[in-house]
$ cat upload.cif   # mmCIF, C-alpha atoms
data_upload
loop_
_atom_site.label_atom_id
_atom_site.label_comp_id
_atom_site.auth_asym_id
_atom_site.auth_seq_id
_atom_site.Cartn_x
_atom_site.Cartn_y
_atom_site.Cartn_z
CA MET Z 1 183.51 8.15 218.83
CA VAL Z 2 183.18 10.18 215.63
CA LYS Z 3 182.53 13.41 217.55
CA ARG Z 4 185.67 12.91 219.66
CA GLU Z 5 187.74 12.33 216.52
CA LYS Z 6 186.39 15.44 214.79
CA LEU Z 7 186.96 17.48 217.94
CA ASP Z 8 190.56 16.29 218.16
CA ALA Z 9 190.99 17.10 214.47
CA ALA Z 10 189.77 20.67 215.06
CA LEU Z 11 192.26 21.09 217.90
CA ALA Z 12 195.12 19.68 215.81
CA LYS Z 13 194.23 21.81 212.79
CA PHE Z 14 194.41 25.03 214.78
CA TYR Z 15 197.95 24.28 215.91
CA GLU Z 16 199.09 23.24 212.43
CA GLN Z 17 199.47 26.91 211.53
CA GLY Z 18 203.17 26.69 212.33
CA PRO Z 19 204.67 27.26 215.76
CA VAL Z 20 206.64 30.29 216.90
CA SER Z 21 208.18 28.05 219.57
CA ASN Z 22 208.38 24.31 219.04
CA ARG Z 23 208.73 23.72 222.78
CA LEU Z 24 205.61 25.72 223.59
CA GLN Z 25 203.65 23.88 220.92
CA GLU Z 26 204.89 20.53 222.22
CA ALA Z 27 203.78 21.42 225.74
CA ILE Z 28 200.34 22.56 224.55
CA LEU Z 29 199.76 19.40 222.52
CA TYR Z 30 201.07 17.22 225.36
CA SER Z 31 198.16 18.31 227.54
CA ILE Z 32 195.58 18.53 224.75
CA HIS Z 33 196.29 14.94 223.72
CA ALA Z 34 196.47 13.60 227.29
CA GLY Z 35 193.01 12.10 227.01
CA GLY Z 36 190.12 13.05 229.23
CA LYS Z 37 186.37 12.65 228.82
CA ARG Z 38 185.86 15.81 226.70
CA ILE Z 39 182.55 16.19 228.53
CA ARG Z 40 182.23 19.96 228.01
CA PRO Z 41 182.63 19.98 224.21
CA LEU Z 42 180.48 16.85 223.88
CA ILE Z 43 177.70 18.55 225.86
CA LEU Z 44 177.83 21.47 223.41
CA LEU Z 45 177.68 19.19 220.37
CA GLU Z 46 174.93 16.94 221.74
CA THR Z 47 172.83 19.95 222.79
CA LEU Z 48 173.13 21.39 219.29
CA GLU Z 49 171.89 18.12 217.83
CA GLY Z 50 169.09 18.16 220.39
CA PHE Z 51 167.91 21.40 218.77
CA GLY Z 52 167.95 19.68 215.38
CA ILE Z 53 171.17 21.33 214.21
CA THR Z 54 173.33 19.35 211.77
CA LEU Z 55 176.89 19.58 213.03
CA LYS Z 56 179.52 21.25 210.86
CA GLU Z 57 183.17 22.26 211.19
CA SER Z 58 182.37 25.56 212.94
CA HIS Z 59 180.55 23.75 215.72
CA TYR Z 60 183.57 21.53 216.32
CA GLN Z 61 185.77 24.64 216.36
CA VAL Z 62 183.67 26.22 219.12
CA ALA Z 63 183.74 22.92 221.02
CA ALA Z 64 187.53 22.78 220.58
CA ALA Z 65 187.85 26.34 221.91
CA LEU Z 66 186.02 25.29 225.06
CA GLU Z 67 188.29 22.27 225.50
CA MET Z 68 191.34 24.55 225.17
CA VAL Z 69 190.18 26.69 228.09
CA HIS Z 70 189.49 23.62 230.21
CA THR Z 71 192.87 22.07 229.41
CA GLY Z 72 194.67 25.33 230.17
CA SER Z 73 192.92 25.46 233.54
CA LEU Z 74 194.14 21.94 234.37
CA ILE Z 75 197.75 22.88 233.55
CA HIS Z 76 197.59 25.89 235.87
CA ASP Z 77 195.61 24.01 238.54
CA ASP Z 78 198.42 21.45 238.84
CA LEU Z 79 201.20 24.02 239.31
CA PRO Z 80 203.19 24.11 242.59
CA ALA Z 81 201.59 27.45 243.53
CA MET Z 82 198.12 25.96 243.09
CA ASP Z 83 197.20 22.31 243.81
CA ASP Z 84 200.79 21.10 243.27
CA ASP Z 85 200.12 17.74 241.63
CA ASP Z 86 202.55 15.50 239.77
CA TYR Z 87 199.98 13.58 237.75
CA ARG Z 88 197.00 14.39 235.55
CA ARG Z 89 195.00 11.93 233.45
CA GLY Z 90 197.39 9.16 234.46
CA ARG Z 91 200.66 10.77 233.40
CA LEU Z 92 203.03 13.52 234.48
CA THR Z 93 201.54 16.98 234.74
CA ASN Z 94 202.75 19.60 232.27
CA HIS Z 95 205.20 21.30 234.64
CA LYS Z 96 206.72 17.92 235.54
CA GLN Z 97 207.04 16.82 231.92
CA PHE Z 98 208.53 20.17 230.83
CA ASP Z 99 209.15 22.85 233.47
CA GLU Z 100 207.12 25.36 235.43
CA ALA Z 101 207.67 28.35 233.13
CA THR Z 102 206.75 26.33 230.03
CA ALA Z 103 203.61 25.03 231.74
CA ILE Z 104 202.53 28.55 232.69
CA LEU Z 105 202.97 29.73 229.11
CA ALA Z 106 201.18 26.66 227.71
CA GLY Z 107 198.25 27.44 230.00
CA ASP Z 108 198.35 31.10 228.94
CA SER Z 109 198.17 30.05 225.28
CA LEU Z 110 195.24 27.75 225.92
CA PHE Z 111 193.35 30.58 227.64
CA LEU Z 112 193.97 33.06 224.80
CA ASP Z 113 193.96 30.96 221.62
CA PRO Z 114 190.28 29.92 221.85
CA TYR Z 115 189.01 33.39 221.03
CA GLY Z 116 191.04 33.42 217.82
CA LEU Z 117 189.70 29.99 216.93
CA ILE Z 118 186.08 31.09 217.40
CA THR Z 119 186.68 34.01 215.00
CA GLN Z 120 187.77 31.50 212.34
CA THR Z 121 184.33 29.91 212.24
CA ASP Z 122 181.78 30.69 209.52
CA LEU Z 123 179.07 31.48 212.08
CA LYS Z 124 177.22 34.78 211.94
CA SER Z 125 179.27 37.69 213.26
CA GLU Z 126 176.73 38.41 216.02
CA THR Z 127 176.89 34.76 217.08
CA ILE Z 128 180.70 34.90 217.23
CA VAL Z 129 180.61 38.03 219.38
CA ALA Z 130 178.04 36.48 221.73
CA LEU Z 131 180.07 33.26 222.09
CA ILE Z 132 183.28 35.17 222.83
CA ALA Z 133 181.48 37.29 225.44
CA GLU Z 134 179.95 34.21 227.11
CA LEU Z 135 183.23 32.27 227.14
CA SER Z 136 185.09 35.23 228.64
CA GLN Z 137 182.43 35.60 231.36
CA ALA Z 138 182.52 31.86 232.12
CA ALA Z 139 186.31 31.51 232.17
CA GLY Z 140 187.68 34.75 233.59
CA THR Z 141 187.39 37.02 236.61
CA PHE Z 142 183.63 36.50 236.93
CA GLY Z 143 183.73 32.74 236.39
CA MET Z 144 186.34 30.00 236.65
CA VAL Z 145 189.35 32.16 237.60
CA GLY Z 146 187.36 34.06 240.22
CA GLY Z 147 186.19 30.75 241.65
CA GLN Z 148 189.74 29.44 241.77
CA MET Z 149 190.76 32.48 243.79
CA LEU Z 150 187.90 31.87 246.22
CA ASP Z 151 189.03 28.26 246.50
CA ILE Z 152 192.58 29.29 247.44
CA GLU Z 153 191.30 31.85 249.97
CA GLY Z 154 189.09 29.18 251.52
CA GLU Z 155 191.86 26.69 252.32
CA GLU Z 156 192.14 25.89 256.04
CA GLN Z 157 189.03 28.00 256.67
CA ALA Z 158 185.72 26.95 258.24
CA LEU Z 159 183.42 27.72 255.33
CA THR Z 160 179.64 27.56 255.17
CA LEU Z 161 177.77 25.52 252.57
CA GLU Z 162 176.81 28.78 250.82
CA GLN Z 163 180.49 29.75 250.56
CA VAL Z 164 181.43 26.33 249.17
CA TYR Z 165 178.63 26.65 246.60
CA ALA Z 166 179.89 30.12 245.62
CA ILE Z 167 183.38 28.70 245.06
CA HIS Z 168 182.28 25.80 242.94
CA SER Z 169 179.47 27.48 241.02
CA HIS Z 170 182.20 29.77 239.65
CA LYS Z 171 185.24 27.48 239.57
CA THR Z 172 183.40 24.52 238.01
CA GLY Z 173 179.83 25.55 237.24
CA LYS Z 174 180.35 28.50 234.91
CA LEU Z 175 182.48 26.58 232.41
CA LEU Z 176 180.00 23.69 232.49
CA ALA Z 177 177.09 26.08 231.92
CA PHE Z 178 178.82 27.55 228.87
CA PRO Z 179 178.33 24.61 226.45
CA PHE Z 180 174.58 24.43 227.15
CA LYS Z 181 174.09 28.17 226.68
CA ALA Z 182 176.50 28.34 223.72
CA ALA Z 183 174.47 25.68 221.92
CA GLY Z 184 171.36 27.76 222.51
CA ILE Z 185 173.08 30.86 221.12
CA ILE Z 186 174.22 29.00 217.99
CA ALA Z 187 170.72 27.52 217.59
CA GLU Z 188 169.28 31.07 217.89
CA GLN Z 189 167.03 30.28 220.85
CA ASP Z 190 165.19 33.03 222.72
CA SER Z 191 166.26 34.47 226.08
CA ASP Z 192 163.87 32.25 228.05
CA ILE Z 193 165.41 29.09 226.60
CA LEU Z 194 168.94 30.46 227.13
CA ALA Z 195 168.10 31.08 230.81
CA LYS Z 196 166.86 27.49 231.16
CA LEU Z 197 170.02 26.16 229.52
CA GLU Z 198 172.19 28.21 231.86
CA LYS Z 199 170.26 26.86 234.85
CA VAL Z 200 170.79 23.31 233.58
CA GLY Z 201 174.50 24.03 233.26
CA LEU Z 202 174.80 25.27 236.83
CA LEU Z 203 172.94 22.20 238.11
CA VAL Z 204 175.28 19.96 236.15
CA GLY Z 205 178.20 22.01 237.46
CA THR Z 206 177.06 21.35 241.04
CA SER Z 207 176.68 17.64 240.39
CA PHE Z 208 180.06 17.51 238.68
CA GLN Z 209 181.81 19.18 241.62
CA VAL Z 210 180.07 17.04 244.24
CA ARG Z 211 181.01 13.98 242.21
CA ASP Z 212 184.64 15.14 242.10
CA ASP Z 213 184.62 15.73 245.87
CA ILE Z 214 183.25 12.23 246.50
CA LEU Z 215 185.74 10.56 244.18
CA ASP Z 216 188.65 12.48 245.73
CA LEU Z 217 187.81 10.66 248.97
CA THR Z 218 186.74 7.26 247.65
CA ALA Z 219 188.60 6.53 244.39
CA SER Z 220 192.17 5.35 243.78
CA PHE Z 221 194.95 6.86 241.68
CA ALA Z 222 194.18 4.27 238.99
CA ASP Z 223 190.56 5.44 238.86
CA LEU Z 224 191.30 9.17 238.97
CA GLY Z 225 194.54 9.43 237.01
CA LYS Z 226 195.70 11.95 239.62
CA THR Z 227 196.61 11.99 243.30
CA PRO Z 228 193.57 11.16 245.47
CA GLN Z 229 192.60 12.96 248.71
CA LYS Z 230 194.27 16.21 247.63
CA ASP Z 231 191.37 18.24 249.05
CA LEU Z 232 191.74 16.50 252.41
CA THR Z 233 195.48 17.22 252.50
CA ALA Z 234 194.91 20.89 251.60
CA GLN Z 235 192.16 21.14 254.25
CA LYS Z 236 189.66 22.39 251.71
CA ALA Z 237 185.99 22.69 252.58
CA THR Z 238 184.12 20.25 250.32
CA TYR Z 239 180.59 18.91 250.15
CA PRO Z 240 181.55 15.65 251.93
CA SER Z 241 183.53 17.49 254.63
CA LEU Z 242 180.50 19.67 255.41
CA LEU Z 243 177.63 17.28 254.77
CA GLY Z 244 179.05 13.77 254.85
CA LEU Z 245 179.15 11.27 251.99
CA ASP Z 246 175.50 10.17 252.11
CA GLU Z 247 174.14 13.71 251.79
CA SER Z 248 176.72 14.45 249.08
CA TYR Z 249 175.47 11.50 247.04
CA ARG Z 250 171.92 12.82 247.48
CA ILE Z 251 172.84 16.32 246.27
CA LEU Z 252 174.69 14.89 243.27
CA ASN Z 253 171.73 12.83 242.12
CA ASP Z 254 169.12 15.48 242.98
CA SER Z 255 170.99 18.07 240.87
CA LEU Z 256 170.99 15.69 237.92
CA ASP Z 257 167.29 14.92 238.43
CA ARG Z 258 166.45 18.63 238.31
CA ALA Z 259 168.51 19.12 235.15
CA GLU Z 260 166.76 16.20 233.48
CA VAL Z 261 163.33 17.67 234.34
CA ILE Z 262 164.25 20.87 232.47
CA PHE Z 263 165.27 18.87 229.41
CA GLN Z 264 162.04 16.89 229.50
CA LYS Z 265 160.12 20.18 229.59
CA LEU Z 266 162.15 21.46 226.62
CA LYS Z 267 161.20 18.26 224.82
CA ALA Z 268 157.51 18.79 225.51
CA ASP Z 269 157.46 22.53 224.79
CA LYS Z 270 160.07 22.98 222.07
CA GLY Z 271 160.57 19.57 220.49
CA PHE Z 272 164.09 19.31 221.90
CA ILE Z 273 165.57 15.81 221.56
CA PRO Z 274 167.25 15.14 224.94
CA ASP Z 275 168.30 11.49 224.58
CA LYS Z 276 172.05 11.98 224.06
CA ILE Z 277 172.33 14.68 226.71
CA LEU Z 278 170.46 12.53 229.21
CA GLU Z 279 172.92 9.70 228.51
CA ILE Z 280 175.82 12.02 229.45
CA LEU Z 281 174.06 13.13 232.62
CA GLU Z 282 173.29 9.56 233.66
CA ARG Z 283 176.98 8.68 233.41
CA LEU Z 284 177.70 11.31 236.09
CA ARG Z 285 175.65 9.51 238.70
CA LEU Z 286 177.21 7.82 241.72
CA TYR Z 287 175.50 5.75 244.38
CA ALA Z 288 176.62 5.11 247.95
#
$ encode --input "upload.cif" --output "structure tokens"
Amino acid sequence: MVKREKLDAALAKFYEQGPVSNRLQEAILYSIHAGGKRIRPLILLETLEGFGITLKESHYQVAAALEMVHTGSLIHDDLPAMDDDDYRRGRLTNHKQFDEATAILAGDSLFLDPYGLITQTDLKSETIVALIAELSQAAGTFGMVGGQMLDIEGEEQALTLEQVYAIHSHKTGKLLAFPFKAAGIIAEQDSDILAKLEKVGLLVGTSFQVRDDILDLTASFADLGKTPQKDLTAQKATYPSLLGLDESYRILNDSLDRAEVIFQKLKADKGFIPDKILEILERLRLYA
């Protein structure tokens, strides 16, 4: 768990600068330290090592910046105006532990602070600019936030599979594609490799969302750490609601298979070492 510890240290170090508001800082750290799998930053770090890069502090700072955005999105996603949940990662959501205004501001901070953190790295200036541009595209209007808006608009609507894919490829997929592509940018890979990494990320994003949809129906609060069957209650169109559980399991595993094929080709063509990444992908699998 050395990577997790170094990632957590990078997050803590950023917020050791000295708070303007102790309450805001407490709320931010409450959600940052709530646990979670840290799958997005770990993907970035493992992909870098796959390219033969020796990890250093700057890489953990970029990974921490990504985790900030993800954590901020969870705070906002749980708000009464959004999914309205009382629990996240097995404990009270931010707005329940503090209050709604504080949670909104904590989420705002976690959306904005990452760009400052990336500028503190000792990476090349052109790499920093590229990472900031990619993270903005993945997280904002044209990525996660845009997808969240589509998700809200789609509640209680009879959506097609294509519309559901559009929602989740933005809401979930873009931020999961970022760590793969960011690793390629840091490793100074060419545009062809970056395109393959982005494709892998979108496949993993699809599998991740289908997995989440399945677990929302089949897992307990103890397993999820949050309220189950929220999508059913909100009458959201999901992969299981459109295709059934068996076909959803098939799509989940097929998406992971296709991602793994790309990594095996990168191994053959570019000497990429995929072992650690493939371990992460295998842990995403579910079987009916």
$ closest_residue --input "upload.cif" --among "Z:Arg91, Z:Lys96, Z:Lys13, Z:Lys236" --to "Z:Leu79" --atoms "all atoms listed in the file"
Z:Lys96
$ atom_distance --input "upload.cif" --atom1 "atom CA of Z:Leu203" --atom2 "atom CA of Z:Leu256"
6.8 Å
$ closest_residue --input "upload.cif" --among "Z:Leu245, Z:Leu202, Z:Ile280, Z:Leu48" --to "Z:Arg258" --atoms "all atoms listed in the file"
Z:Leu202
$ resolve_selection --input "upload.cif" --expression "the PyMOL selection byres ((chain Z and resi 94) around 8)" --output "ChimeraX atom specification"
/Z:27,30-31,75,92-93,95-100,103
$ closest_residue --input "upload.cif" --among "Z:Gly90, Z:Ile32, Z:Asp85, Z:Gln25" --to "Z:Thr102" --atoms "only C-alpha atoms"
Z:Gln25
$ closest_residue --input "upload.cif" --among "Z:Gln17, Z:Leu284, Z:Gly147, Z:Glu162" --to "Z:Lys37" --atoms "only C-alpha atoms"
Z:Leu284
$ resolve_selection --input "upload.cif" --expression "the PyMOL selection byres ((chain Z and resi 7) around 12)" --output "MDAnalysis selection string"
chainID Z and resid 1:6 8:14 32:33 37:42 44:45 55:68
$ closest_residue --input "upload.cif" --among "Z:Tyr239, Z:Phe180, Z:Phe208, Z:Tyr165" --to "Z:Ser255" --atoms "all atoms listed in the file"
Z:Phe208
$ residues_near_point --input "upload.cif" --point "(181.4, 16.4, 255.3)" --cutoff "12 Å" --atoms "only C-alpha atoms" --output "ChimeraX atom specification"
/Z:158-161,164,210,213-214,217,231-232,235-249
$ residues_around --input "upload.cif" --residues "stretch 264-278 of chain Z" --least-positions-apart "6" --cutoff "7 Å" --atoms "all atoms listed in the file" --output "list in words"
Ile43, Glu46, Thr47, Gly50 and Phe51 of chain Z
$ residues_around --input "upload.cif" --residues "Z:Leu131" --least-positions-apart "6" --cutoff "8 Å" --atoms "only C-alpha atoms" --output "PDB file with C-alpha atoms, in the frame of the given file"
ATOM      1  CA  ILE Z 118     186.080  31.090 217.400  1.00  0.00           C
ATOM      2  CA  ALA Z 182     176.500  28.340 223.720  1.00  0.00           C
ATOM      3  CA  ILE Z 185     173.080  30.860 221.120  1.00  0.00           C
TER       4      ILE Z 185
END
$ resolve_selection --input "upload.cif" --expression "the PyMOL selection byres ((chain Z and resi 285) around 8)" --output "short mmCIF file (atom, residue, chain, number, x, y, z; two decimals) with C-alpha atoms, in the frame of the given file"
data_model
loop_
_atom_site.label_atom_id
_atom_site.label_comp_id
_atom_site.auth_asym_id
_atom_site.auth_seq_id
_atom_site.Cartn_x
_atom_site.Cartn_y
_atom_site.Cartn_z
CA ARG Z 211 181.01 13.98 242.21
CA LEU Z 252 174.69 14.89 243.27
CA ASN Z 253 171.73 12.83 242.12
CA LEU Z 256 170.99 15.69 237.92
CA LEU Z 281 174.06 13.13 232.62
CA GLU Z 282 173.29 9.56 233.66
CA ARG Z 283 176.98 8.68 233.41
CA LEU Z 284 177.70 11.31 236.09
CA LEU Z 286 177.21 7.82 241.72
CA TYR Z 287 175.50 5.75 244.38
#
